[in-house]
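One structure below.
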Amino acid sequence: MISSRWTPFLFLAPALAALLIFRLAPIAVAVGGSLTGVSLMGDLNFVGGENFHYLLTDPQFWSSLKITLWFNLIINPLQLAIAFGLAMLVFRPLPGLWIYRTLLVLPMAVSTGISAVLFGLFLDGNLGPLNGFLEWVGIGAQPFHRSQDQALYTLIGIATWKGAGYWMLFLLAGLYSIPTTVYEAATIDGASAWQRFRHVTLPLMRKPMAFVLVADTAINFLFFAPVYILTSGGPGGATSLLMFEAYRSAFTFSDIGRSLAISTILLGIILVIVVVEFRLLRSPEEKHV
Amino acid sequence: MEAQFKSPYALMLRYGLLSILAFIVVCPLAWLALASLRPQSEIFQPVSEFGWGTFIPSRLTLDNYRALLASDFPLAVKNSTFVALMTVFFGVLVNALAGFAFAAFDFRGKNLLFLLVIASFMMPFEAIVLPLYVMIRAFGWANSYQALIVPEIANGMVIFLFRQFFASIPRDFYEAARVDGASWLYIFTRIAMPLSWPTIATSGLMLFLSQWDSFFWPVVAASNPDYAVIQVAIARNINFEQSDWGGLFASTNLAILLGTIPFLLIQRFYVRTLISGGIK
């Protein structure tokens with residue numbers, strides 16, 4: 001190849017410099033900043049593990065961590081299960097199927113923030129139709145995101161409304177990659193529909209399912225917009241997920257050090273998840289079964 | 001293989017389930033679209049009076065949309081459009097250059113750098129929002145258009161897309177042009193870029209949508225109302241107890257429609273890219 005040694009780097013420079021500054025450097029800033037006390041005036045002073053010490057002795061942090069873990073423990077398997085069900089439903093050909101497929105992925109076009117606003121209105125006691133419906137069928141109106149007991153599950157519902165169609169697409173691709181001959185062979189061997197699902201589909205779908213679970217987890221550990229828009233972490237701290245807690249530390253309490261310490265913890269969790277994701281994507285085919 | 005859904009009952013069950021699910025997805029969207037056309041006096045629907053009136057307005061009016069013109073919404077649309085278009089322009093240019101370098105050249109550290117690119121789009125952006133804000137503030141960029149645009153220009157996914165496309169062009173093609181005396185910049189601007197218009201279109205739309213939909217970063221980096229983008233302006237309106245519910249209905253519905261059009265345009269390609277990028 002005829003080229004000067006530096007040509008490729010000239011082409012790469014703007015993008016790589018930007019990735020370095022705006023994607024990689026913030027990780028260092030998070031770690032570095034969590035070890036310093038940065039006042040809003042910008043004065044730096046090294047405080048070592050002090051931020052973490054305060055954090056780990058702060059019941060508010062532990063409660064946030066617990067809520068975040070509980071939230072993820074529910075939402076990720078739930079979204080995976082629903083997405084898998086959707087994928088099974090839209091997999092085999094059916095007249096009019098494209099209409100259903102388009103409708104099911106439609107929430108992808110609605111941003112997370114707007115979907116929170118939409119449901120804020122839809123679930124509202126005075127403006128929204130859902131409570132009217134619940135009264136009408138005799139269940140009675142519900143407070144949803146305005147109650148300590150229901151707020152977290154309301155957020156889970158909204159996120160699932162928005163996310164299920166998106167994750168369905170990955171699982172659908174997985175279903176298509178299973179050779180039809182495998183099913184034919186199983187049918188010839190006399191396997192029932194349930195047996196084919198249990199012993200052919202499920203094992204062969206392990207990899208796409210693991211991918212969806214891991215990628216979904218990475219996103220949900222950073223869940224923010226609906227908390228900010230609908231609950232502000234309340235009522236009574238019921239939805240104070242870690243990302244919101246990090247935001248509030250910086251902007252409500254002007255405690256950048258605490259904010260960056262929480263960000264560092266979240267980054268640590270996310271980096272682990274990304275490594276697992278990488279492994280999954282690169283794992284050879286024999287990981288199947 | 002069709003045995004699973006052979007019987008008419010199974011078929012009916014499948015249609016029934018699909019219809020219920022599609023209804024759950026569409027119902028809130030359709031309700032909002034219709035509610036945004038309600039006259040101001042009908043906005044509040046008493047819970048006790050559930051019926052057709054809950055969904056169907058007694059008369060349709062564009063008053064709520066007309067009132068938006070006098071609100072802060074046009075400024076938000078202007079801000080979002082400006083930020084998104086600038087990001088598309090610089091994003092396509094910068095990421096295409098990098099994608100071209102990965103496809104057309106062999107150089108030391110190439111695999112490592114490409115790994116960095118992939119890793120950058122596997123890590124959700126939200127994870128670095130707060131430390132990035134600390135940096136942006138140190139640059140003196142807080143509450144500015146640069147803060148909204150510059151960090152979003154380099155995009156690992158778009159670099160990846162361009163690399164995939166440029167790698168599909170045989171290298172002999174580039175080298176033949178080199179032999180004819182063309183500079184690499186000439187090859188990039190006059191040969192590679194014109195060939196890559198489908199990738200330009202899809203990655204441009206992806207960059208546009210990512211800015212159009214972004215919320216967390218604008219809320220953190222540019223909280224000043226002068227720089228409010230659509231998402232932030234709407235979120236503010238639901239947060240502050242306010243009287244203009246009709247305006248909120250109309251602006252939210254408009255934001256959904258404006259996001260849906262580009263999505264439907266790239267849906268097919270976007271879906272294919274997502275899937276092939278995710279599972280190989």
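If you're wondering about the labels, chains in the structure tokens are A, B, ... by order shown, residues count from 1 in each chain, ligands from 1 in order shown.
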Select, as a PDB file with C-alpha atoms, in the first residue's frame, those residues of chain B with any atom no more than 6 Å from chain A (distances computed using only C-alpha atoms).
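Wrote out_15.pdb, looks like this:
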```
ATOM      1  CA  GLN B   4     -47.565 -25.135  16.825  1.00  0.00           C
ATOM      2  CA  ALA B  22     -50.798  -3.985  20.072  1.00  0.00           C
ATOM      3  CA  PHE B  44     -60.272  17.274  32.665  1.00  0.00           C
ATOM      4  CA  GLN B  45     -62.178  14.016  32.424  1.00  0.00           C
ATOM      5  CA  VAL B  47     -62.798   9.492  36.696  1.00  0.00           C
ATOM      6  CA  PHE B  50     -65.707   6.806  31.969  1.00  0.00           C
ATOM      7  CA  VAL B  94     -15.663  13.020  11.410  1.00  0.00           C
ATOM      8  CA  ASN B  95     -16.903   9.444  11.779  1.00  0.00           C
ATOM      9  CA  LEU B  97     -13.043   9.848   8.060  1.00  0.00           C
ATOM     10  CA  ALA B  98     -12.300   7.426  10.892  1.00  0.00           C
ATOM     11  CA  ALA B 101      -9.062   4.934   7.901  1.00  0.00           C
ATOM     12  CA  ALA B 127     -22.718   6.291  32.658  1.00  0.00           C
ATOM     13  CA  ILE B 128     -20.388   9.258  32.069  1.00  0.00           C
ATOM     14  CA  PRO B 131     -18.095  13.436  35.116  1.00  0.00           C
ATOM     15  CA  LEU B 132     -18.447  14.771  31.568  1.00  0.00           C
ATOM     16  CA  PRO B 151     -19.517  15.667  22.872  1.00  0.00           C
ATOM     17  CA  ALA B 154     -17.766  11.257  17.626  1.00  0.00           C
ATOM     18  CA  ASP B 213     -34.362  12.173  21.866  1.00  0.00           C
ATOM     19  CA  ALA B 235     -40.409  17.586  30.928  1.00  0.00           C
ATOM     20  CA  ILE B 256     -43.868  11.927  19.376  1.00  0.00           C
ATOM     21  CA  GLY B 259     -39.662  11.434  16.382  1.00  0.00           C
ATOM     22  CA  THR B 260     -41.750   8.779  14.649  1.00  0.00           C
ATOM     23  CA  PHE B 263     -37.790   6.380  12.880  1.00  0.00           C
ATOM     24  CA  ILE B 275     -29.290  -7.012  14.987  1.00  0.00           C
TER      25      ILE B 275
END
```
- Query: In terms of the shortest atom-to-atom distance over only C-alpha atoms, which of B:Leu11, B:Ile266, B:Leu115, B:Val220 is closest to Val134 of chain B?
  - Reply: B:Val220
- For atom CA of Gly257 of chain A and atom CA of His53 of chain A, quote the distance in Å rounded to one decimal.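 Separation between atom CA of Gly257 of chain A and atom CA of His53 of chain A: 11.5 Å.
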- Message: Taking only segment 42-171 of chain A into account, list the residues labelled alpha helix (DSSP H) by DSSP (computed from the backbone), as a count of residues only.
- Response: 89
- Note on the structure: Separating atom CA of Ala228 of chain B from atom CA of Val129 of chain B, to the nearest tenth of an Å, is a gap of 17.1 Å
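In this structure, atom CA of Met122 of chain B sits 15.0 Å away from atom CA of Glu152 of chain B.
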- Contacts of Trp217 of chain B at 8 Å (only C-alpha atoms; same-chain gap of 4+ positions) as a list of chain:residue names: B:Glu126, B:Val129, B:Leu148, B:Ala221, B:Ala222
Hey, can you spit out that residue selection with N, CA and C atoms as a short mmCIF file (atom, residue, chain, number, x, y, z; two decimals), in the first residue's frame?
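Saved to result.cif:
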```cif
data_model
loop_
_atom_site.label_atom_id
_atom_site.label_comp_id
_atom_site.auth_asym_id
_atom_site.auth_seq_id
_atom_site.Cartn_x
_atom_site.Cartn_y
_atom_site.Cartn_z
N GLU B 126 -25.05 7.41 29.36
CA GLU B 126 -25.52 7.89 30.66
C GLU B 126 -24.49 7.68 31.77
N VAL B 129 -22.26 10.81 32.14
CA VAL B 129 -22.85 12.15 32.04
C VAL B 129 -22.32 13.10 33.12
N LEU B 148 -23.92 20.96 24.04
CA LEU B 148 -24.91 20.00 23.55
C LEU B 148 -24.40 19.26 22.32
N ALA B 221 -26.25 19.50 31.26
CA ALA B 221 -25.24 20.40 30.69
C ALA B 221 -25.78 21.77 30.32
N ALA B 222 -27.07 21.86 29.98
CA ALA B 222 -27.61 23.14 29.54
C ALA B 222 -29.00 23.32 30.15
#
```
- Tell me, as a ChimeraX atom specification, which residues lie within 10 Å of Asp226 of chain B, counting only C-alpha atoms; anything in the same chain fewer than 3 positions away does not count. /B:72,75-76,79,143-144,222-223,229
- Task: Excluding segment 165-181 of chain B and any residue of its chain fewer than 4 positions from it, enumerate the residues within 10 Å of it, using only C-alpha atoms, and give them as a PyMOL selection string.
- Result: (chain A and resi 1-3) or (chain B and resi 96+99-105+159-161+186-188+191-193+195-196+198-199)
Can I get the selected residues back with N, CA and C atoms, as a short mmCIF file (atom, residue, chain, number, x, y, z; two decimals), in the first residue's frame?
```cif
data_model
loop_
_atom_site.label_atom_id
_atom_site.label_comp_id
_atom_site.auth_asym_id
_atom_site.auth_seq_id
_atom_site.Cartn_x
_atom_site.Cartn_y
_atom_site.Cartn_z
N MET A 1 0.85 -1.21 0.00
CA MET A 1 0.00 0.00 0.00
C MET A 1 0.87 1.24 0.00
N ILE A 2 0.57 2.14 -0.95
CA ILE A 2 1.36 3.35 -1.08
C ILE A 2 0.77 4.43 -0.20
N SER A 3 1.38 4.68 0.94
CA SER A 3 0.85 5.78 1.73
C SER A 3 1.89 6.18 2.74
N ALA B 96 -17.00 9.34 9.34
CA ALA B 96 -16.70 8.72 8.05
C ALA B 96 -15.19 8.71 7.82
N GLY B 99 -13.91 5.89 9.90
CA GLY B 99 -14.32 4.61 9.32
C GLY B 99 -13.49 4.28 8.09
N PHE B 100 -13.21 5.32 7.29
CA PHE B 100 -12.39 5.13 6.09
C PHE B 100 -10.98 4.68 6.46
N ALA B 101 -10.41 5.30 7.48
CA ALA B 101 -9.06 4.93 7.90
C ALA B 101 -9.01 3.46 8.33
N PHE B 102 -10.03 3.01 9.07
CA PHE B 102 -10.04 1.62 9.52
C PHE B 102 -10.20 0.66 8.35
N ALA B 103 -10.89 1.09 7.29
CA ALA B 103 -11.14 0.19 6.17
C ALA B 103 -10.01 0.20 5.15
N ALA B 104 -9.40 1.36 4.91
CA ALA B 104 -8.49 1.49 3.77
C ALA B 104 -7.02 1.33 4.12
N PHE B 105 -6.68 1.47 5.39
CA PHE B 105 -5.26 1.45 5.76
C PHE B 105 -4.95 0.30 6.71
N ILE B 159 -18.91 5.22 13.31
CA ILE B 159 -17.60 4.83 12.78
C ILE B 159 -17.67 3.39 12.30
N PHE B 160 -18.27 2.54 13.12
CA PHE B 160 -18.41 1.12 12.79
C PHE B 160 -19.18 0.95 11.48
N LEU B 161 -20.29 1.66 11.32
CA LEU B 161 -21.10 1.55 10.11
C LEU B 161 -20.30 1.95 8.87
N TYR B 186 -8.54 13.18 -1.77
CA TYR B 186 -9.35 13.18 -2.99
C TYR B 186 -10.14 11.87 -3.08
N ILE B 187 -9.48 10.76 -2.80
CA ILE B 187 -10.15 9.46 -2.86
C ILE B 187 -11.32 9.43 -1.88
N PHE B 188 -11.08 9.97 -0.68
CA PHE B 188 -12.14 9.99 0.34
C PHE B 188 -13.32 10.86 -0.10
N ILE B 191 -14.43 9.81 -4.19
CA ILE B 191 -14.77 8.43 -4.57
C ILE B 191 -15.54 7.72 -3.45
N ALA B 192 -14.93 7.68 -2.26
CA ALA B 192 -15.54 6.89 -1.18
C ALA B 192 -16.85 7.50 -0.69
N MET B 193 -16.84 8.79 -0.37
CA MET B 193 -18.05 9.40 0.19
C MET B 193 -19.25 9.34 -0.76
N LEU B 195 -19.96 7.20 -2.92
CA LEU B 195 -20.46 5.82 -2.99
C LEU B 195 -21.25 5.44 -1.74
N SER B 196 -20.96 6.13 -0.64
CA SER B 196 -21.49 5.65 0.66
C SER B 196 -22.79 6.35 1.04
N PRO B 198 -25.91 5.62 1.11
CA PRO B 198 -26.88 4.97 2.02
C PRO B 198 -26.42 4.99 3.48
N THR B 199 -25.11 4.81 3.67
CA THR B 199 -24.57 4.86 5.03
C THR B 199 -24.65 6.28 5.58
#
```
- Task: Identify, on the basis of only C-alpha atoms, every residue whose closest approach to segment 61-68 of chain A does not exceed 8 Å; exclude the query and any residue fewer than 3 positions from it along the same chain; express the result as a VMD selection string.
- Result: chain A and resid 55 to 56 58 71 to 72 221 238 to 242 245
Create the file for the chosen residues now, containing C-alpha atoms and written as a PDB file, in the first residue's frame.
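This went into result.pdb:
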```pdb
ATOM      1  CA  LEU A  55     -21.099   7.220  50.991  1.00  0.00           C
ATOM      2  CA  LEU A  56     -20.736   3.788  52.548  1.00  0.00           C
ATOM      3  CA  ASP A  58     -24.810   6.933  54.478  1.00  0.00           C
ATOM      4  CA  PHE A  71     -35.441  -2.605  40.307  1.00  0.00           C
ATOM      5  CA  ASN A  72     -32.956  -4.493  38.121  1.00  0.00           C
ATOM      6  CA  PHE A 221     -28.625   0.378  36.075  1.00  0.00           C
ATOM      7  CA  ALA A 238     -39.223   4.811  46.925  1.00  0.00           C
ATOM      8  CA  THR A 239     -37.676   5.483  43.490  1.00  0.00           C
ATOM      9  CA  SER A 240     -34.323   7.038  44.403  1.00  0.00           C
ATOM     10  CA  LEU A 241     -32.351   4.930  41.919  1.00  0.00           C
ATOM     11  CA  LEU A 242     -28.563   5.403  42.001  1.00  0.00           C
ATOM     12  CA  GLU A 245     -29.044   9.965  43.502  1.00  0.00           C
TER      13      GLU A 245
END
```
